[in-house]
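To keep things clear, I will list the structure first and then write my remarks on it.
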Amino acid sequence: MNRPLEILRTLADHEVEFIVVGGVAAVALGAPVNTMDIDIVHTRAPENVTRLLAALHALDAHYRHRPELRPTESHLSSRGHQLLATRLGYLDVLGAIGKGHTYAGLLPHTVEIEFAPAFRCRVLDLETQIAIKEETGGEKDLAMLPILRRTLAERRRIK
Amino acid sequence: MTEYDASGVDVTLIRCFLSLTPAQRLERLQEFMDFTEEIWRLNGIEPSFGDPADAG
């Protein structure tokens with residue numbers, strides 16, 4: 001079962017401070033791309049890690065490649081990538097993205113999106129998504145760039 | 001009618017997606033995810049998520 005909106009709502013309900021990045025961020029801002037997981041970058045402050053751990057527990061999260069293993073505060077306090085499966089779909093919890101971009105550095109480059117009344121999430125803006133993909137230069141990133149650039153141009157055109 | 005830009009991007013698809021609300025866009029994505037998993041199941045394929053360094 002894949003319920004990306006419900007995953008985001010669970011994180012929001014637990015007052016987790018996070019930024020949606022990756023394909024879901026692109027989709028939320030209007031880019032017609034596909035992905036199979038949600039990517040988030042979280043602040044690794046201890047109180048936020050505690051809230052995130054509670055949200056992940058509510059989502060029955062475990063590691064995709066090691067289903068017997070559950071994320072811990074130690075895992076979530078690192079800059080690493082936690083690739084998780086939940087009862088509502090796949091969720092990547094990332095300490096940093098690209099060449100070391102963390103929550104604090106990304107925060108000024110986010111927009112707040114209201115998915116429903118009283119349900120808002122911070123999403124990485126298209127300009128920064130493009131910049132990070134250009135910086136990273138992976139094949140998958142480069143393939144997505146024309147769609148992201150054109151989506152940004154269309155958003156500016158209709159403003 | 002389809003309109004492609006110089007990079008081969010279907011602009012009509014972008015305009016269609018931009019006409020939706022953010023929640024509606026994620027609902028479309030959810031439909032894609034469910035469809036993809038159904039195809040995987042029908043073919044007996046386990047999901048593969050590649051190199052963790054590729055995440056994000």
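Identifiers in the structure tokens: chain A, B, ... in order shown; residue index from 1 per chain; ligand index from 1 in order shown.
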
Please identify all residues of chain A having at least one atom at most 8 Å from any atom of chain B, considering only C-alpha atoms, and return them as a CSV table (one decimal) with C-alpha atoms, in the first residue's frame.
```
chain,number,residue,atom,x,y,z
A,1,MET,CA,0.0,0.0,0.0
A,2,ASN,CA,1.3,3.4,-0.9
A,3,ARG,CA,-0.1,6.5,0.8
A,4,PRO,CA,2.4,9.3,0.5
A,5,LEU,CA,0.0,11.9,1.8
A,21,VAL,CA,12.9,16.6,-1.1
A,22,GLY,CA,13.4,14.3,-4.1
A,24,VAL,CA,7.7,13.9,-4.1
A,27,VAL,CA,5.5,16.4,-7.8
A,28,ALA,CA,4.1,18.6,-5.0
A,29,LEU,CA,5.4,21.6,-6.9
A,30,GLY,CA,3.8,20.4,-10.2
A,31,ALA,CA,6.5,18.4,-12.0
A,32,PRO,CA,5.0,15.3,-13.7
A,34,ASN,CA,7.4,9.5,-10.8
A,35,THR,CA,9.0,8.0,-7.8
A,36,MET,CA,8.4,5.0,-5.5
A,39,ASP,CA,12.5,11.4,0.7
A,40,ILE,CA,12.8,13.7,3.7
A,81,HIS,CA,20.4,7.7,4.6
A,83,LEU,CA,16.0,3.6,3.6
A,92,ASP,CA,13.9,7.6,3.0
A,94,LEU,CA,18.1,11.5,5.1
A,97,ILE,CA,21.5,15.3,0.6
A,98,GLY,CA,23.7,16.1,-2.4
A,113,ILE,CA,2.6,23.7,1.1
A,114,GLU,CA,-0.9,23.2,2.5
A,115,PHE,CA,-2.1,19.7,1.5
A,116,ALA,CA,-5.3,20.1,3.5
A,146,PRO,CA,14.7,19.1,-18.2
A,147,ILE,CA,11.3,18.4,-16.6
A,150,ARG,CA,10.4,23.5,-17.6
A,151,THR,CA,8.1,23.1,-14.6
A,154,GLU,CA,5.8,27.3,-16.4
A,155,ARG,CA,5.3,28.2,-12.8
```

**Message:** What's around Asp13 in chain A at 12 Å? Count only C-alpha atoms, leave out sequence neighbours fewer than 6 positions away in its own chain, and write the answer as an MDAnalysis selection string.
**Reply:** chainID A and resid 5:7 51:52 54:56 58:59 118:121

Taking the DSSP assignment computed from this structure's backbone, write out as a compact mmCIF listing (two decimals) with N, CA and C atoms, in the first residue's frame all residues of range 118-159 of chain A that belong to strand (DSSP E).
```txt
# COMPACT_ATOMS: atom_id res chain seq x y z
N PHE A 119 -2.81 21.01 7.62
CA PHE A 119 -1.84 19.98 7.24
C PHE A 119 -0.88 20.60 6.23
N ARG A 120 0.24 21.07 6.76
CA ARG A 120 1.24 21.75 5.93
C ARG A 120 2.58 21.05 6.06
N CYS A 121 3.37 21.10 4.98
CA CYS A 121 4.72 20.56 5.01
C CYS A 121 5.66 21.50 4.28
N ARG A 122 6.91 21.51 4.72
CA ARG A 122 7.93 22.27 4.00
C ARG A 122 8.50 21.40 2.88
N VAL A 123 8.60 22.00 1.69
CA VAL A 123 9.07 21.30 0.50
C VAL A 123 10.23 22.09 -0.10
N LEU A 124 11.26 21.40 -0.53
CA LEU A 124 12.42 22.06 -1.14
C LEU A 124 11.98 22.73 -2.45
```

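Of note, CA of Pro117 in chain A and CA of Glu47 in chain A are spaced 25.8 Å apart.
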
**Request:** To one decimal in Å, tell me the separation between CA of Ala25 in chain A and CA of His57 in chain A.
**Result:**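 Distance between the two atoms: 23.4 Å.
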
**Nearest to Glu15 in chain A, chosen from A:Asp37, A:Thr43, A:Glu127, A:Val93, with only C-alpha atoms counted in the distances** = A:Thr43

**Asked** Residues at most 7 Å from range 64-75 of chain A, counting only C-alpha atoms, excluding those fewer than 4 positions away in the same chain, as JSON, numbers by chain?
**Response** {"A": [49, 50, 53, 83, 84, 85]}
